[in-house]
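K.L.:
Enclosed is the structure file structure.pdb (PDB, C-alpha atoms).
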ATOM      1  CA  MET A 251      31.869  21.672   7.615
ATOM      2  CA  ASN A 252      32.466  21.114  11.279
ATOM      3  CA  PRO A 253      34.348  17.777  11.508
ATOM      4  CA  GLU A 254      33.575  17.421  15.223
ATOM      5  CA  PRO A 255      30.496  15.097  15.036
ATOM      6  CA  PHE A 256      32.178  12.837  12.505
ATOM      7  CA  LEU A 257      35.212  12.427  14.769
ATOM      8  CA  GLN A 258      32.947  11.605  17.702
ATOM      9  CA  LEU A 259      31.351   8.627  15.926
ATOM     10  CA  ASP A 260      31.824   5.466  17.961
ATOM     11  CA  ARG A 261      34.359   3.359  16.031
ATOM     12  CA  VAL A 262      33.028   0.121  17.539
ATOM     13  CA  ILE A 263      29.512   0.729  16.229
ATOM     14  CA  HIS A 264      30.593   2.442  13.030
ATOM     15  CA  GLU A 265      31.826  -0.779  11.403
ATOM     16  CA  LYS A 266      29.187  -2.036   8.918
ATOM     17  CA  GLY A 267      28.645  -5.493  10.405
ATOM     18  CA  ARG A 268      28.507  -4.294  14.012
ATOM     19  CA  LEU A 269      26.198  -1.428  13.092
ATOM     20  CA  ALA A 270      23.825  -3.969  11.524
ATOM     21  CA  ILE A 271      23.878  -6.103  14.681
ATOM     22  CA  MET A 272      23.285  -3.078  16.913
ATOM     23  CA  SER A 273      20.422  -1.870  14.673
ATOM     24  CA  MET A 274      18.664  -5.214  14.826
ATOM     25  CA  LEU A 275      19.082  -5.512  18.576
ATOM     26  CA  ALA A 276      17.829  -1.967  19.074
ATOM     27  CA  ALA A 277      14.472  -2.974  17.590
ATOM     28  CA  SER A 278      14.037  -6.234  19.469
ATOM     29  CA  PRO A 279      14.423  -7.108  23.160
ATOM     30  CA  GLU A 280      16.585 -10.084  22.215
ATOM     31  CA  LEU A 281      17.546 -12.017  19.101
ATOM     32  CA  SER A 282      19.006 -15.446  18.620
ATOM     33  CA  PHE A 283      22.343 -16.003  16.923
ATOM     34  CA  ILE A 284      20.569 -17.835  14.079
ATOM     35  CA  GLU A 285      18.022 -15.069  13.524
ATOM     36  CA  MET A 286      20.809 -12.509  13.207
ATOM     37  CA  ARG A 287      22.991 -14.713  11.043
ATOM     38  CA  ASP A 288      20.126 -15.377   8.613
ATOM     39  CA  ALA A 289      18.866 -11.802   8.528
ATOM     40  CA  LEU A 290      22.313 -10.320   7.980
ATOM     41  CA  ASN A 291      23.655 -13.045   5.688
ATOM     42  CA  MET A 292      26.801 -13.405   7.773
ATOM     43  CA  THR A 293      28.922 -16.468   8.338
ATOM     44  CA  ASP A 294      29.024 -17.984  11.832
ATOM     45  CA  GLY A 295      32.651 -16.896  12.265
ATOM     46  CA  ASN A 296      32.062 -13.341  11.123
ATOM     47  CA  LEU A 297      29.046 -12.885  13.361
ATOM     48  CA  THR A 298      30.854 -14.427  16.341
ATOM     49  CA  THR A 299      33.771 -12.013  15.914
ATOM     50  CA  HIS A 300      31.518  -8.959  15.760
ATOM     51  CA  ILE A 301      29.452 -10.137  18.722
ATOM     52  CA  ARG A 302      32.614 -10.662  20.759
ATOM     53  CA  THR A 303      33.821  -7.127  19.958
ATOM     54  CA  LEU A 304      30.471  -5.645  20.960
ATOM     55  CA  GLN A 305      30.389  -7.723  24.125
ATOM     56  CA  GLU A 306      33.912  -6.634  25.092
ATOM     57  CA  SER A 307      32.812  -3.016  24.649
ATOM     58  CA  GLY A 308      29.915  -3.698  27.010
ATOM     59  CA  TYR A 309      27.294  -2.968  24.338
ATOM     60  CA  ILE A 310      25.599  -6.337  24.202
ATOM     61  CA  SER A 311      25.011  -9.173  26.608
ATOM     62  CA  ILE A 312      24.943 -12.803  25.588
ATOM     63  CA  SER A 313      22.948 -15.574  27.164
ATOM     64  CA  LYS A 314      23.592 -19.215  26.386
ATOM     65  CA  SER A 315      21.141 -22.007  27.036
ATOM     66  CA  TYR A 316      20.087 -25.354  25.633
ATOM     67  CA  GLN A 317      16.930 -26.058  23.660
ATOM     68  CA  ASN A 318      16.222 -29.650  22.700
ATOM     69  CA  ASN A 319      19.806 -30.534  23.573
ATOM     70  CA  ARG A 320      21.143 -27.925  21.151
ATOM     71  CA  PRO A 321      23.024 -24.812  22.225
ATOM     72  CA  HIS A 322      20.957 -21.660  21.921
ATOM     73  CA  THR A 323      22.607 -18.243  22.046
ATOM     74  CA  THR A 324      20.678 -15.011  22.351
ATOM     75  CA  CYS A 325      21.959 -11.434  22.367
ATOM     76  CA  SER A 326      20.463  -8.229  23.693
ATOM     77  CA  LEU A 327      21.588  -4.633  24.053
ATOM     78  CA  THR A 328      22.904  -3.559  27.444
ATOM     79  CA  PRO A 329      21.910  -0.140  28.837
ATOM     80  CA  SER A 330      25.294   1.252  27.764
ATOM     81  CA  GLY A 331      24.783  -0.298  24.315
ATOM     82  CA  LYS A 332      21.426   1.463  24.019
ATOM     83  CA  LYS A 333      23.031   4.724  25.078
ATOM     84  CA  ALA A 334      25.903   4.338  22.618
ATOM     85  CA  PHE A 335      23.523   3.465  19.778
ATOM     86  CA  THR A 336      21.276   6.451  20.520
ATOM     87  CA  GLY A 337      24.361   8.673  20.631
ATOM     88  CA  TYR A 338      25.516   7.298  17.289
ATOM     89  CA  ILE A 339      22.126   8.028  15.654
ATOM     90  CA  ASN A 340      22.109  11.538  17.135
ATOM     91  CA  LEU A 341      25.540  12.220  15.682
ATOM     92  CA  LEU A 342      24.436  11.020  12.233
ATOM     93  CA  GLU A 343      21.435  13.358  12.435
ATOM     94  CA  GLN A 344      23.726  16.166  13.504
ATOM     95  CA  ILE A 345      25.961  15.559  10.475
ATOM     96  CA  ILE A 346      22.910  15.684   8.188
ATOM     97  CA  GLN A 347      21.666  18.891   9.794
ATOM     98  CA  GLN A 348      25.087  20.550   9.477
ATOM     99  CA  ASN A 349      25.284  19.743   5.791
ATOM    100  CA  LYS A 350      21.801  20.975   4.919
ATOM    101  CA  PRO A 351      22.043  23.951   2.548
ATOM    102  CA  LYS A 352      21.223  27.140   4.437
ATOM    103  CA  GLN A 353      18.354  29.223   3.040
TER     104      GLN A 353
ATOM    105  CA  MET B 125      29.163  14.109   0.457
ATOM    106  CA  GLU B 126      29.142  13.530   4.236
ATOM    107  CA  SER B 127      25.424  14.181   4.579
ATOM    108  CA  ASN B 128      24.584  11.657   1.836
ATOM    109  CA  TRP B 129      26.702   9.101   3.576
ATOM    110  CA  ALA B 130      25.014   9.822   6.916
ATOM    111  CA  THR B 131      21.531   9.687   5.330
ATOM    112  CA  GLU B 132      22.303   6.336   3.731
ATOM    113  CA  HIS B 133      23.577   5.044   7.063
ATOM    114  CA  LEU B 134      20.367   6.094   8.804
ATOM    115  CA  GLN B 135      18.317   4.453   6.050
ATOM    116  CA  VAL B 136      20.232   1.195   6.484
ATOM    117  CA  ILE B 137      19.694   1.367  10.255
ATOM    118  CA  ARG B 138      15.979   1.959   9.809
ATOM    119  CA  THR B 139      15.639  -0.957   7.354
ATOM    120  CA  LEU B 140      17.503  -3.297   9.684
ATOM    121  CA  MET B 141      15.435  -2.232  12.683
ATOM    122  CA  GLU B 142      12.232  -2.852  10.749
ATOM    123  CA  ARG B 143      13.490  -6.202   9.527
ATOM    124  CA  SER B 144      14.435  -7.233  13.033
ATOM    125  CA  ALA B 145      10.968  -6.550  14.374
ATOM    126  CA  VAL B 146       9.178  -8.377  11.553
ATOM    127  CA  TYR B 147       7.693 -11.822  12.088
ATOM    128  CA  ARG B 148       8.362 -14.204   9.207
ATOM    129  CA  ARG B 149       8.060 -17.698  10.599
ATOM    130  CA  ALA B 150       6.229 -20.368   8.553
ATOM    131  CA  LEU B 151       3.882 -17.899   6.893
ATOM    132  CA  ALA B 152       3.436 -19.814   3.642
ATOM    133  CA  PRO B 153       2.857 -23.237   5.275
ATOM    134  CA  VAL B 154       0.405 -21.713   7.788
ATOM    135  CA  MET B 155      -1.536 -19.949   5.022
ATOM    136  CA  ILE B 156      -1.647 -23.042   2.806
ATOM    137  CA  TYR B 157      -2.681 -25.255   5.718
ATOM    138  CA  ASN B 158      -5.489 -22.892   6.738
ATOM    139  CA  GLY B 159      -6.574 -22.436   3.142
ATOM    140  CA  ALA B 160      -6.747 -26.166   2.518
ATOM    141  CA  LEU B 161      -8.590 -26.697   5.812
ATOM    142  CA  GLY B 162     -11.077 -23.877   5.118
ATOM    143  CA  THR B 163     -11.811 -25.116   1.595
ATOM    144  CA  ALA B 164     -12.228 -28.731   2.749
ATOM    145  CA  ALA B 165     -14.429 -27.633   5.668
ATOM    146  CA  ALA B 166     -16.695 -25.628   3.355
ATOM    147  CA  ILE B 167     -17.073 -28.570   0.962
ATOM    148  CA  ILE B 168     -17.786 -30.969   3.843
ATOM    149  CA  GLY B 169     -20.237 -28.484   5.392
ATOM    150  CA  LEU B 170     -22.115 -28.232   2.103
ATOM    151  CA  ALA B 171     -22.056 -31.990   1.427
ATOM    152  CA  ALA B 172     -23.135 -32.839   4.983
ATOM    153  CA  LYS B 173     -25.911 -30.224   4.767
ATOM    154  CA  ILE B 174     -24.972 -28.445   7.986
ATOM    155  CA  ASP B 175     -27.775 -25.965   7.512
ATOM    156  CA  SER B 176     -29.094 -25.043  10.946
ATOM    157  CA  PRO B 177     -27.606 -21.904  12.539
ATOM    158  CA  ARG B 178     -26.491 -23.694  15.709
ATOM    159  CA  SER B 179     -24.783 -26.548  13.911
ATOM    160  CA  PHE B 180     -23.201 -24.064  11.496
ATOM    161  CA  ILE B 181     -21.695 -22.027  14.356
ATOM    162  CA  ALA B 182     -20.546 -25.144  16.224
ATOM    163  CA  TYR B 183     -19.080 -26.674  13.063
ATOM    164  CA  TRP B 184     -17.037 -23.597  12.090
ATOM    165  CA  GLY B 185     -16.017 -23.083  15.723
ATOM    166  CA  CYS B 186     -14.456 -26.561  15.639
ATOM    167  CA  VAL B 187     -12.792 -25.800  12.285
ATOM    168  CA  ALA B 188     -11.308 -22.606  13.795
ATOM    169  CA  ALA B 189      -9.964 -24.575  16.770
ATOM    170  CA  VAL B 190      -8.305 -27.104  14.440
ATOM    171  CA  ALA B 191      -6.900 -24.233  12.337
ATOM    172  CA  ILE B 192      -5.390 -22.462  15.355
ATOM    173  CA  ALA B 193      -3.933 -25.687  16.792
ATOM    174  CA  GLY B 194      -2.458 -26.651  13.413
ATOM    175  CA  SER B 195      -0.981 -23.190  12.893
ATOM    176  CA  PHE B 196       0.729 -23.256  16.276
ATOM    177  CA  PHE B 197       2.009 -26.746  15.529
ATOM    178  CA  LEU B 198       3.546 -25.571  12.227
ATOM    179  CA  VAL B 199       5.143 -22.530  13.865
ATOM    180  CA  ARG B 200       6.498 -24.657  16.711
ATOM    181  CA  ARG B 201       7.880 -27.237  14.297
ATOM    182  CA  GLN B 202       9.806 -24.559  12.416
ATOM    183  CA  ALA B 203      11.092 -23.076  15.674
ATOM    184  CA  LEU B 204      12.349 -26.510  16.792
ATOM    185  CA  LYS B 205      13.957 -27.127  13.411
ATOM    186  CA  GLU B 206      15.905 -23.905  13.687
ATOM    187  CA  SER B 207      16.675 -24.277  17.419
ATOM    188  CA  GLU B 208      14.805 -21.104  18.244
ATOM    189  CA  PRO B 209      12.360 -20.404  21.065
ATOM    190  CA  PHE B 210       8.751 -20.892  20.035
ATOM    191  CA  TRP B 211       7.452 -17.989  22.092
ATOM    192  CA  SER B 212       9.897 -15.457  20.643
ATOM    193  CA  PRO B 213       9.353 -11.670  20.942
ATOM    194  CA  PRO B 214       8.034 -11.365  17.321
ATOM    195  CA  THR B 215       5.619 -14.288  17.940
ATOM    196  CA  ARG B 216       4.414 -12.587  21.126
ATOM    197  CA  ARG B 217       3.890  -9.275  19.340
ATOM    198  CA  VAL B 218       1.904 -10.860  16.493
ATOM    199  CA  THR B 219      -0.234 -12.910  18.895
ATOM    200  CA  ARG B 220      -0.999  -9.857  21.047
ATOM    201  CA  ALA B 221      -1.916  -7.796  17.994
ATOM    202  CA  MET B 222      -4.301 -10.448  16.683
ATOM    203  CA  LEU B 223      -5.901 -11.304  19.999
ATOM    204  CA  PRO B 224      -8.573  -8.554  20.494
ATOM    205  CA  PRO B 225     -10.469  -9.099  17.193
ATOM    206  CA  LEU B 226     -10.129 -12.876  17.494
ATOM    207  CA  VAL B 227     -11.431 -12.865  21.070
ATOM    208  CA  ALA B 228     -14.300 -10.602  19.964
ATOM    209  CA  GLY B 229     -15.144 -13.046  17.148
ATOM    210  CA  THR B 230     -15.075 -15.980  19.559
ATOM    211  CA  ILE B 231     -17.340 -14.251  22.088
ATOM    212  CA  ILE B 232     -19.792 -13.104  19.406
ATOM    213  CA  GLY B 233     -19.820 -16.664  18.033
ATOM    214  CA  ALA B 234     -20.462 -18.137  21.494
ATOM    215  CA  VAL B 235     -23.235 -15.631  22.278
ATOM    216  CA  GLY B 236     -24.730 -16.270  18.838
ATOM    217  CA  PHE B 237     -24.644 -20.018  19.471
ATOM    218  CA  ILE B 238     -26.584 -19.589  22.718
ATOM    219  CA  TYR B 239     -28.980 -16.982  21.335
ATOM    220  CA  VAL B 240     -30.005 -18.725  18.102
ATOM    221  CA  GLY B 241     -31.201 -21.700  20.152
ATOM    222  CA  SER B 242     -34.077 -19.665  21.607
ATOM    223  CA  ALA B 243     -34.591 -17.060  18.850
ATOM    224  CA  PRO B 244     -37.394 -17.238  16.275
ATOM    225  CA  PRO B 245     -36.226 -19.340  13.262
ATOM    226  CA  ASP B 246     -36.115 -16.440  10.785
ATOM    227  CA  LEU B 247     -34.081 -14.258  13.120
ATOM    228  CA  ALA B 248     -31.823 -17.197  14.022
ATOM    229  CA  ASN B 249     -31.111 -17.847  10.348
ATOM    230  CA  VAL B 250     -30.287 -14.219   9.652
ATOM    231  CA  LEU B 251     -28.039 -13.930  12.700
ATOM    232  CA  GLY B 252     -26.334 -17.308  12.587
ATOM    233  CA  MET B 253     -25.843 -17.890   8.895
ATOM    234  CA  LEU B 254     -25.828 -14.466   7.291
ATOM    235  CA  LEU B 255     -24.549 -11.909   9.747
ATOM    236  CA  LEU B 256     -22.152 -14.021  11.788
ATOM    237  CA  PRO B 257     -19.950 -15.150   8.843
ATOM    238  CA  VAL B 258     -19.642 -11.514   7.743
ATOM    239  CA  VAL B 259     -18.721 -10.399  11.275
ATOM    240  CA  TRP B 260     -16.135 -13.178  11.520
ATOM    241  CA  ILE B 261     -14.630 -12.237   8.156
ATOM    242  CA  ILE B 262     -14.351  -8.552   9.080
ATOM    243  CA  LEU B 263     -12.902  -9.236  12.532
ATOM    244  CA  TYR B 264     -10.424 -11.709  11.078
ATOM    245  CA  GLY B 265      -9.352  -9.033   8.605
ATOM    246  CA  CYS B 266      -8.899  -6.578  11.496
ATOM    247  CA  ALA B 267      -6.736  -9.160  13.298
ATOM    248  CA  PHE B 268      -4.475  -9.608  10.277
ATOM    249  CA  HIS B 269      -4.282  -5.898   9.655
ATOM    250  CA  ALA B 270      -3.147  -5.323  13.243
ATOM    251  CA  ALA B 271      -0.613  -8.163  13.033
ATOM    252  CA  GLY B 272       0.575  -6.774   9.703
ATOM    253  CA  PHE B 273       2.466  -4.030  11.543
ATOM    254  CA  PHE B 274       4.831  -6.748  12.793
ATOM    255  CA  MET B 275       4.772  -8.887   9.641
ATOM    256  CA  PRO B 276       5.619  -8.393   5.974
ATOM    257  CA  ARG B 277       3.574  -5.566   4.444
ATOM    258  CA  GLY B 278       1.404  -7.944   2.396
ATOM    259  CA  MET B 279      -0.321  -9.098   5.578
ATOM    260  CA  ARG B 280      -1.976  -5.723   6.017
ATOM    261  CA  LEU B 281      -3.295  -5.894   2.458
ATOM    262  CA  PHE B 282      -4.508  -9.416   3.204
ATOM    263  CA  GLY B 283      -6.352  -8.000   6.230
ATOM    264  CA  TRP B 284      -7.865  -5.247   4.096
ATOM    265  CA  ALA B 285      -9.074  -7.861   1.591
ATOM    266  CA  PHE B 286     -11.070  -9.512   4.394
ATOM    267  CA  VAL B 287     -12.422  -6.244   5.781
ATOM    268  CA  LEU B 288     -13.490  -4.819   2.417
ATOM    269  CA  GLY B 289     -14.635  -8.215   1.134
ATOM    270  CA  GLY B 290     -16.787  -8.713   4.244
ATOM    271  CA  CYS B 291     -18.311  -5.256   3.876
ATOM    272  CA  ALA B 292     -18.992  -5.868   0.169
ATOM    273  CA  VAL B 293     -20.693  -9.184   0.928
ATOM    274  CA  PHE B 294     -22.813  -7.479   3.576
ATOM    275  CA  ALA B 295     -23.798  -4.717   1.150
ATOM    276  CA  LEU B 296     -24.634  -7.102  -1.695
ATOM    277  CA  GLY B 297     -26.821  -9.459   0.376
ATOM    278  CA  ILE B 298     -27.774 -13.017  -0.582
ATOM    279  CA  PRO B 299     -28.294 -13.935  -4.242
ATOM    280  CA  ASP B 300     -31.792 -15.356  -4.917
ATOM    281  CA  ARG B 301     -30.814 -18.698  -6.381
ATOM    282  CA  ILE B 302     -28.831 -20.181  -3.504
ATOM    283  CA  THR B 303     -29.861 -21.548  -0.123
ATOM    284  CA  ARG B 304     -28.660 -20.044   3.149
ATOM    285  CA  GLY B 305     -26.433 -23.090   3.758
ATOM    286  CA  GLN B 306     -24.766 -22.740   0.374
ATOM    287  CA  TYR B 307     -24.334 -19.042   0.971
ATOM    288  CA  ALA B 308     -22.840 -19.335   4.451
ATOM    289  CA  HIS B 309     -20.486 -22.250   3.723
ATOM    290  CA  GLY B 310     -19.574 -20.760   0.349
ATOM    291  CA  LEU B 311     -18.659 -17.472   2.005
ATOM    292  CA  MET B 312     -16.537 -19.200   4.639
ATOM    293  CA  GLY B 313     -14.889 -21.370   1.989
ATOM    294  CA  CYS B 314     -14.070 -18.394  -0.251
ATOM    295  CA  PHE B 315     -12.582 -16.223   2.482
ATOM    296  CA  PHE B 316     -11.105 -18.694   4.954
ATOM    297  CA  GLY B 317     -10.260 -21.267   2.275
ATOM    298  CA  LEU B 318      -9.497 -19.957  -1.192
ATOM    299  CA  LEU B 319      -8.177 -16.540  -0.160
ATOM    300  CA  HIS B 320      -5.732 -18.159   2.275
ATOM    301  CA  LEU B 321      -4.701 -20.726  -0.321
ATOM    302  CA  ALA B 322      -4.034 -18.064  -2.940
ATOM    303  CA  TYR B 323      -1.983 -15.951  -0.547
ATOM    304  CA  GLY B 324      -0.141 -19.005   0.787
ATOM    305  CA  VAL B 325       0.889 -20.086  -2.727
ATOM    306  CA  TYR B 326       1.994 -16.522  -3.502
ATOM    307  CA  LEU B 327       4.050 -16.409  -0.288
ATOM    308  CA  TYR B 328       5.550 -19.810  -0.969
ATOM    309  CA  PHE B 329       6.955 -18.752  -4.330
ATOM    310  CA  THR B 330       7.985 -15.236  -3.337
ATOM    311  CA  GLU B 331       9.712 -16.409  -0.123
ATOM    312  CA  LYS B 332      11.496 -19.134  -2.060
ATOM    313  CA  ARG B 333      12.664 -16.624  -4.675
ATOM    314  CA  ARG B 334      13.833 -14.211  -1.967
ATOM    315  CA  ASN B 335      15.815 -16.978  -0.262
ATOM    316  CA  GLU B 336      17.451 -17.971  -3.532
ATOM    317  CA  THR B 337      18.687 -14.440  -4.319
TER     318      THR B 337
END
Now that the file is in, can you turn its structure into structure tokens?
P.N.:
Amino acid sequence: MNPEPFLQLDRVIHEKGRLAIMSMLAASPELSFIEMRDALNMTDGNLTTHIRTLQESGYISISKSYQNNRPHTTCSLTPSGKKAFTGYINLLEQIIQQNKPKQ
Amino acid sequence: MESNWATEHLQVIRTLMERSAVYRRALAPVMIYNGALGTAAAIIGLAAKIDSPRSFIAYWGCVAAVAIAGSFFLVRRQALKESEPFWSPPTRRVTRAMLPPLVAGTIIGAVGFIYVGSAPPDLANVLGMLLLPVVWIILYGCAFHAAGFFMPRGMRLFGWAFVLGGCAVFALGIPDRITRGQYAHGLMGCFFGLLHLAYGVYLYFTEKRRNET
């Protein structure tokens, strides 16, 4: 097996929790912190940590506002986040293709 | 094996992407509210003997307006409770998907309301109290089927129940023993009342169970 694609996998996205966040954001223009927390069954602290890592990598952008005097945080993928996520999926597909039994 | 691992990863990504795009807000309360309203409206319509085509169309038009307003109120209340925007992307998608059949139903209802006023009584009865409820039922089913692509899968089946049920009613025609008022209100009560109630109760218990696990 050619190990190349596996080694190219983005370590930031590859982590289970961050991959879940990226997957959800890839399917929706934006999602609130609460929507993600509930859908992924994560604690506030865990989700915050992952979001911060993704934000520092430039993969997601965060917008904070107030709704009914309560803080409201929404996240969305940045163009480089979309590119990185697409690249990650392509690499997974490449790994699958490489390991298909040849006929 | 690496490929199994990669396949599983892709499957997880796909599931999460689907879940993210699915609208889930207040489905059970909205269904139960609409079911209760539809059933009550049918009973009131029968008891009050709203038997003329024009009054029938106007009456159920008002019921629809109350149903839509109440549904939006329930959705908004849940959004406020959870500090989320009311007009979220999933809400927008579902509304856009439902809009064409619902607008068509509204326009057909409005045209029917105007037309039955000047049409011969027999034709007015057939159009206003026999055909129009069937058209509304089928279009409503189409609306739910379209929205079902952005909602849990059961919504599409719910839409199919309306479409096939409406077609079956149209094919079977009116039974001999009942009046046109009983038929029309009964039809509306069964589809817009009891069917919603049944699905709402089912959703209530299944959503509760899912949240508990």
K.L.:
Evaluate the PyMOL selection byres ((chain B and resi 289-300) around 6) and record the selected residues as a PyMOL selection string, following the chain and residue labels used in the document.
P.N.:
chain B and resi 258+261-262+285-288+301-302
K.L.:
Given a cut-off of 7 Å, which residues of chain A touch chain B, counting all atoms listed in the file, written out as a PDB file with C-alpha atoms, keeping the file's coordinate frame?
P.N.:
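Output saved as part-v3.pdb:
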ATOM      1  CA  ALA A 270      23.825  -3.969  11.524  1.00  0.00           C
ATOM      2  CA  SER A 273      20.422  -1.870  14.673  1.00  0.00           C
ATOM      3  CA  MET A 274      18.664  -5.214  14.826  1.00  0.00           C
ATOM      4  CA  ALA A 276      17.829  -1.967  19.074  1.00  0.00           C
ATOM      5  CA  ALA A 277      14.472  -2.974  17.590  1.00  0.00           C
ATOM      6  CA  SER A 278      14.037  -6.234  19.469  1.00  0.00           C
ATOM      7  CA  GLN A 317      16.930 -26.058  23.660  1.00  0.00           C
ATOM      8  CA  ARG A 320      21.143 -27.925  21.151  1.00  0.00           C
ATOM      9  CA  HIS A 322      20.957 -21.660  21.921  1.00  0.00           C
ATOM     10  CA  LEU A 342      24.436  11.020  12.233  1.00  0.00           C
ATOM     11  CA  ILE A 345      25.961  15.559  10.475  1.00  0.00           C
ATOM     12  CA  ILE A 346      22.910  15.684   8.188  1.00  0.00           C
ATOM     13  CA  ASN A 349      25.284  19.743   5.791  1.00  0.00           C
TER      14      ASN A 349
END
K.L.:
Determine the residue set returned by the PyMOL selection byres ((chain A and resi 333) around 12) for the present structure, and present it as a list of chain:residue names.
P.N.:
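Written out, the selection comes to A:Asp260, A:Ile263, A:Met272, A:Ala276, A:Gly308, A:Tyr309, A:Ile310, A:Leu327, A:Thr328, A:Pro329, A:Ser330, A:Gly331, A:Lys332, A:Ala334, A:Phe335, A:Thr336, A:Gly337, A:Tyr338, A:Ile339, A:Asn340.
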K.L.:
Have a look at atom CA of Ser195 of chain B and atom CA of Ala164 of chain B and let me know their distance in Å, one decimal.
P.N.:
16.1 Å
K.L.:
Separation of atom CA of Asn249 of chain B and atom CA of Gly169 of chain B, in Å?
P.N.:
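Separation between atom CA of Asn249 of chain B and atom CA of Gly169 of chain B: 16.0 Å.
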